[in-house]
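Trainee: mmCIF, C-alpha atoms, saved as query.cif, coming up:
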data_model
loop_
_atom_site.label_atom_id
_atom_site.label_comp_id
_atom_site.auth_asym_id
_atom_site.auth_seq_id
_atom_site.Cartn_x
_atom_site.Cartn_y
_atom_site.Cartn_z
CA ASP A 1 -28.71 -19.29 14.23
CA THR A 2 -26.46 -16.26 13.84
CA GLU A 3 -23.30 -18.13 12.97
CA VAL A 4 -21.06 -18.50 9.97
CA THR A 5 -19.15 -21.78 10.02
CA GLN A 6 -15.99 -22.63 8.13
CA THR A 7 -14.22 -25.92 7.54
CA PRO A 8 -11.53 -26.99 7.89
CA LYS A 9 -10.09 -24.92 10.72
CA HIS A 10 -6.53 -25.62 9.58
CA LEU A 11 -5.21 -26.82 6.22
CA VAL A 12 -1.69 -27.66 5.09
CA MET A 13 -1.19 -28.32 1.40
CA GLY A 14 1.57 -28.69 -1.13
CA MET A 15 1.87 -26.52 -4.20
CA THR A 16 0.54 -29.28 -6.47
CA ASN A 17 -2.48 -30.17 -4.32
CA LYS A 18 -6.12 -29.34 -4.94
CA LYS A 19 -8.20 -28.54 -1.88
CA SER A 20 -11.40 -26.70 -1.01
CA LEU A 21 -12.52 -24.42 1.79
CA LYS A 22 -16.15 -24.48 2.84
CA CYS A 23 -18.36 -21.82 4.39
CA GLU A 24 -21.96 -22.14 5.54
CA GLN A 25 -24.58 -19.80 6.99
CA HIS A 26 -28.22 -20.35 7.90
CA MET A 27 -29.28 -16.77 8.53
CA GLY A 28 -31.01 -16.38 5.16
CA HIS A 29 -28.31 -13.98 4.03
CA ARG A 30 -28.09 -13.44 0.27
CA ALA A 31 -24.57 -11.98 0.11
CA MET A 32 -21.43 -13.97 0.92
CA TYR A 33 -17.78 -12.95 0.89
CA TRP A 34 -14.26 -14.41 0.88
CA TYR A 35 -11.43 -12.47 2.50
CA LYS A 36 -7.73 -13.18 2.85
CA GLN A 37 -5.92 -11.99 5.96
CA LYS A 38 -2.16 -11.98 6.42
CA ALA A 39 -0.64 -11.68 9.89
CA LYS A 40 -0.97 -8.24 11.49
CA LYS A 41 -2.99 -6.91 8.53
CA PRO A 42 -6.68 -6.19 7.96
CA PRO A 43 -8.73 -8.60 5.84
CA GLU A 44 -8.52 -8.10 2.07
CA LEU A 45 -11.63 -8.72 0.02
CA MET A 46 -11.33 -11.45 -2.60
CA PHE A 47 -14.84 -12.27 -3.87
CA VAL A 48 -18.44 -11.24 -3.28
CA TYR A 49 -21.49 -13.32 -4.19
CA SER A 50 -24.96 -11.86 -4.30
CA TYR A 51 -27.98 -14.13 -4.82
CA GLU A 52 -25.56 -16.93 -5.72
CA LYS A 53 -23.96 -14.94 -8.54
CA LEU A 54 -20.42 -13.61 -8.50
CA SER A 55 -20.71 -9.87 -8.00
CA ILE A 56 -17.14 -8.78 -7.25
CA ASN A 57 -13.78 -10.37 -8.05
CA GLU A 58 -10.94 -8.25 -6.71
CA SER A 59 -8.49 -9.36 -9.41
CA VAL A 60 -7.76 -12.60 -7.58
CA PRO A 61 -5.42 -15.07 -9.34
CA SER A 62 -7.19 -17.96 -11.08
CA ARG A 63 -5.62 -20.49 -8.72
CA PHE A 64 -8.43 -19.40 -6.37
CA SER A 65 -11.84 -20.44 -7.72
CA PRO A 66 -15.01 -19.54 -5.79
CA GLU A 67 -18.29 -21.39 -6.04
CA CYS A 68 -21.71 -20.73 -4.55
CA PRO A 69 -23.78 -23.95 -4.91
CA ASN A 70 -26.77 -22.48 -3.04
CA SER A 71 -27.70 -19.52 -0.90
CA SER A 72 -26.27 -21.09 2.28
CA LEU A 73 -22.98 -22.42 0.99
CA LEU A 74 -19.80 -20.85 -0.34
CA ASN A 75 -16.73 -22.77 -1.41
CA LEU A 76 -13.23 -21.68 -2.34
CA HIS A 77 -11.37 -24.16 -4.53
CA LEU A 78 -7.59 -24.02 -4.34
CA HIS A 79 -5.16 -25.32 -6.96
CA ALA A 80 -1.44 -24.82 -7.54
CA LEU A 81 -1.06 -22.35 -4.70
CA GLN A 82 2.16 -20.61 -3.78
CA PRO A 83 3.74 -20.31 -0.31
CA GLU A 84 2.80 -16.61 -0.26
CA ASP A 85 -0.85 -17.68 -0.34
CA SER A 86 -0.49 -18.91 3.24
CA ALA A 87 -2.92 -16.84 5.29
CA LEU A 88 -6.17 -16.88 7.26
CA TYR A 89 -9.13 -17.16 4.88
CA LEU A 90 -12.29 -15.62 6.24
CA CYS A 91 -15.83 -16.05 5.02
CA ALA A 92 -18.56 -13.52 5.80
CA SER A 93 -22.23 -13.01 5.00
CA SER A 94 -24.72 -10.16 5.05
CA GLN A 95 -28.43 -9.78 4.36
CA GLY A 96 -27.75 -8.19 0.99
CA LEU A 97 -25.49 -5.70 -0.70
CA ALA A 98 -27.36 -2.44 -0.42
CA GLY A 99 -29.13 -0.52 2.28
CA VAL A 100 -28.34 0.17 5.90
CA LEU A 101 -29.62 -3.14 7.24
CA ASP A 102 -27.70 -5.10 4.63
CA ASN A 103 -24.31 -3.70 5.43
CA GLU A 104 -23.50 -5.66 8.58
CA GLN A 105 -21.21 -8.54 7.78
CA PHE A 106 -20.98 -11.60 10.00
CA PHE A 107 -17.62 -13.37 9.89
CA GLY A 108 -16.72 -17.01 10.35
CA PRO A 109 -13.73 -18.17 12.43
CA GLY A 110 -11.55 -18.65 9.36
CA THR A 111 -9.41 -21.38 7.86
CA ARG A 112 -5.70 -21.07 8.52
CA LEU A 113 -3.98 -22.20 5.33
CA THR A 114 -0.32 -23.14 5.06
CA VAL A 115 1.15 -23.82 1.62
CA LEU A 116 4.41 -25.75 1.63
CA GLY B 117 -12.53 6.53 -2.47
CA ASN B 118 -13.26 5.41 1.07
CA SER B 119 -10.52 5.14 3.67
CA VAL B 120 -10.16 4.55 7.41
CA THR B 121 -7.29 5.73 9.59
CA GLN B 122 -6.82 4.36 13.07
CA MET B 123 -4.09 4.88 15.63
CA GLU B 124 -1.01 2.74 15.47
CA GLY B 125 -0.52 0.19 18.18
CA PRO B 126 0.15 -1.62 20.25
CA VAL B 127 -1.78 0.14 22.97
CA THR B 128 -0.58 -1.17 26.33
CA LEU B 129 -2.75 -0.62 29.39
CA SER B 130 -3.12 -1.92 32.91
CA GLU B 131 -6.36 -3.58 33.94
CA GLU B 132 -9.14 -1.08 34.83
CA ALA B 133 -7.53 1.73 32.80
CA PHE B 134 -9.54 3.90 30.41
CA LEU B 135 -9.28 3.03 26.72
CA THR B 136 -9.52 5.24 23.65
CA ILE B 137 -8.68 4.03 20.16
CA ASN B 138 -8.97 6.79 17.59
CA CYS B 139 -10.59 6.23 14.20
CA THR B 140 -11.21 8.77 11.44
CA TYR B 141 -12.63 8.16 8.02
CA THR B 142 -13.01 9.56 4.52
CA ALA B 143 -16.08 8.52 2.59
CA THR B 144 -18.59 9.69 0.04
CA GLY B 145 -22.22 9.62 0.99
CA TYR B 146 -23.41 8.34 4.35
CA PRO B 147 -21.47 5.24 5.37
CA SER B 148 -22.24 2.91 8.25
CA LEU B 149 -19.39 2.60 10.75
CA PHE B 150 -18.24 -0.48 12.63
CA TRP B 151 -15.75 -1.70 15.17
CA TYR B 152 -14.70 -5.32 14.78
CA VAL B 153 -12.57 -7.24 17.30
CA GLN B 154 -10.25 -10.15 16.54
CA TYR B 155 -9.03 -12.27 19.44
CA PRO B 156 -5.81 -14.26 18.93
CA GLY B 157 -6.30 -17.16 16.53
CA GLU B 158 -9.92 -16.27 15.76
CA GLY B 159 -12.05 -14.59 13.11
CA LEU B 160 -13.59 -11.14 13.32
CA GLN B 161 -16.50 -10.36 15.62
CA LEU B 162 -18.68 -7.30 15.25
CA LEU B 163 -18.25 -5.29 18.44
CA LEU B 164 -20.55 -2.36 17.70
CA LYS B 165 -21.93 -0.28 14.88
CA ALA B 166 -23.57 3.05 14.03
CA THR B 167 -25.55 3.74 10.90
CA LYS B 168 -26.07 7.52 10.96
CA ALA B 169 -24.62 10.70 12.40
CA ASP B 170 -24.78 11.07 16.21
CA ASP B 171 -25.68 7.39 16.66
CA LYS B 172 -23.87 5.76 19.59
CA GLY B 173 -22.98 2.10 19.29
CA SER B 174 -22.33 0.17 22.48
CA ASN B 175 -21.57 -3.39 23.51
CA LYS B 176 -19.73 -5.13 26.37
CA GLY B 177 -18.82 -1.77 27.94
CA PHE B 178 -17.37 -0.40 24.69
CA GLU B 179 -18.86 2.72 23.08
CA ALA B 180 -18.33 4.76 19.93
CA THR B 181 -20.23 7.77 18.57
CA TYR B 182 -20.62 8.54 14.86
CA ARG B 183 -19.33 12.12 14.52
CA LYS B 184 -19.97 13.42 11.03
CA GLU B 185 -18.55 16.88 11.72
CA THR B 186 -15.15 15.43 12.67
CA THR B 187 -15.50 12.25 10.53
CA SER B 188 -14.58 10.18 13.55
CA PHE B 189 -15.73 7.02 15.33
CA HIS B 190 -13.45 6.66 18.36
CA LEU B 191 -13.72 3.53 20.49
CA GLU B 192 -13.83 3.96 24.28
CA LYS B 193 -14.14 1.75 27.34
CA GLY B 194 -14.11 2.96 30.90
CA SER B 195 -12.31 0.03 32.49
CA VAL B 196 -10.47 -2.56 30.39
CA GLN B 197 -9.92 -6.17 31.37
CA VAL B 198 -7.16 -8.61 30.47
CA SER B 199 -9.72 -10.45 28.34
CA ASP B 200 -10.08 -7.34 26.12
CA SER B 201 -6.59 -7.97 24.72
CA ALA B 202 -7.16 -8.30 20.97
CA VAL B 203 -6.84 -6.45 17.67
CA TYR B 204 -9.53 -3.84 17.00
CA PHE B 205 -10.50 -2.84 13.46
CA CYS B 206 -12.47 0.26 12.58
CA ALA B 207 -14.40 -0.15 9.32
CA LEU B 208 -16.95 1.57 7.12
CA THR B 209 -19.26 0.50 4.38
CA GLY B 210 -21.16 2.35 1.75
CA TYR B 211 -22.31 -0.08 -0.90
CA SER B 212 -21.45 -3.75 -0.51
CA THR B 213 -17.82 -3.68 0.61
CA LEU B 214 -16.12 -3.01 3.92
CA THR B 215 -13.14 -0.69 4.12
CA PHE B 216 -10.97 -1.54 7.13
CA GLY B 217 -8.42 0.44 9.06
CA LYS B 218 -5.06 -1.21 9.66
CA GLY B 219 -6.04 -2.45 13.10
CA THR B 220 -4.89 -1.54 16.60
CA MET B 221 -3.55 -4.18 18.94
CA LEU B 222 -4.60 -3.75 22.57
CA LEU B 223 -2.57 -5.43 25.30
CA VAL B 224 -3.98 -5.33 28.84
CA SER B 225 -1.83 -6.48 31.74
CA PRO B 226 -3.07 -7.50 35.21
#
Could you write out this structure as structure tokens?
Mentor:
Amino acid sequence: DTEVTQTPKHLVMGMTNKKSLKCEQHMGHRAMYWYKQKAKKPPELMFVYSYEKLSINESVPSRFSPECPNSSLLNLHLHALQPEDSALYLCASSQGLAGVLDNEQFFGPGTRLTVL
Amino acid sequence: GNSVTQMEGPVTLSEEAFLTINCTYTATGYPSLFWYVQYPGEGLQLLLKATKADDKGSNKGFEATYRKETTSFHLEKGSVQVSDSAVYFCALTGYSTLTFGKGTMLLVSP
């Protein structure tokens, strides 16, 4: 299984809602990532988890809260979002964080989020 | 810090034309280089990669060679198809994080 899955595919939420995005991989990868992608732009890194511990937080607002319950799962909890947070949220995984073989990231299909 | 520069798009070609998308990079150390493709409404797919100088990555008729002397990783395909229409991202990684170029949209008409 060389796939990263993400649910839901689409999400519409109001600014007072609480929702969660889910990402799963079964490749035995120990590093997992959240990216945000606005239209016609490259992905922007939000968070990196390594061995289920938060390794990098790219100064993301606290209304985004990541969680890594186990080595296969990565969640992104959303609360009190703003309309400008509407974007495609991509999850990725890699074998690890260091070394040539670890650097290849596999991306999921993304969750398209609309905040009203 | 690391950076990737790729040609502005959109690149508009007719089917069976030759494709080149230029990519140059600035990095410390010895990064790995990647081309990712994003089809409309989808996530990113790894198209090809190269991990050291003079390596050639290839996949689905696309090729790119890691040129350390010119810090380049240009993407080429001999004969494009309508189904190749997508956004192409050049990227590099040193330790842990990917640095992306801005992306180049390719439009192929029949």
Trainee: Please identify all residues of chain A having at least one atom at most 9 Å from any atom of chain B, considering only C-alpha atoms, and return them as a count of residues only.
Mentor: 27
Trainee: So which residues get picked by the PyMOL selection byres ((chain B and resi 223) around 10) here, written as number ranges by chain?
Mentor: B: 125-131, 196-203, 220-222, 224-225
Trainee: Applying the PyMOL selection byres ((chain B and resi 169) around 6) to the file I just gave you, which residues come out? Please list them as a list in words.
Mentor: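 Those residues are Lys168, Asp170, Asp171, Tyr182, Arg183 and Lys184 of chain B.
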Trainee: Which residues are close to range 2-19 of chain A, i.e. within 6 Å by all atoms listed in the file, leaving aside same-chain residues fewer than 6 positions away? Reply as a ChimeraX atom specification.
Mentor: /A:25,78-82,108,111-116
Trainee: Translate the PyMOL selection byres ((chain A and resi 60-65) around 6) into a concrete residue list for this structure, as a list in words.
Mentor: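 For this structure, the PyMOL selection byres ((chain A and resi 60-65) around 6) captures Glu58, Ser59, Pro66, Leu76, His77, Leu78 and His79 of chain A.
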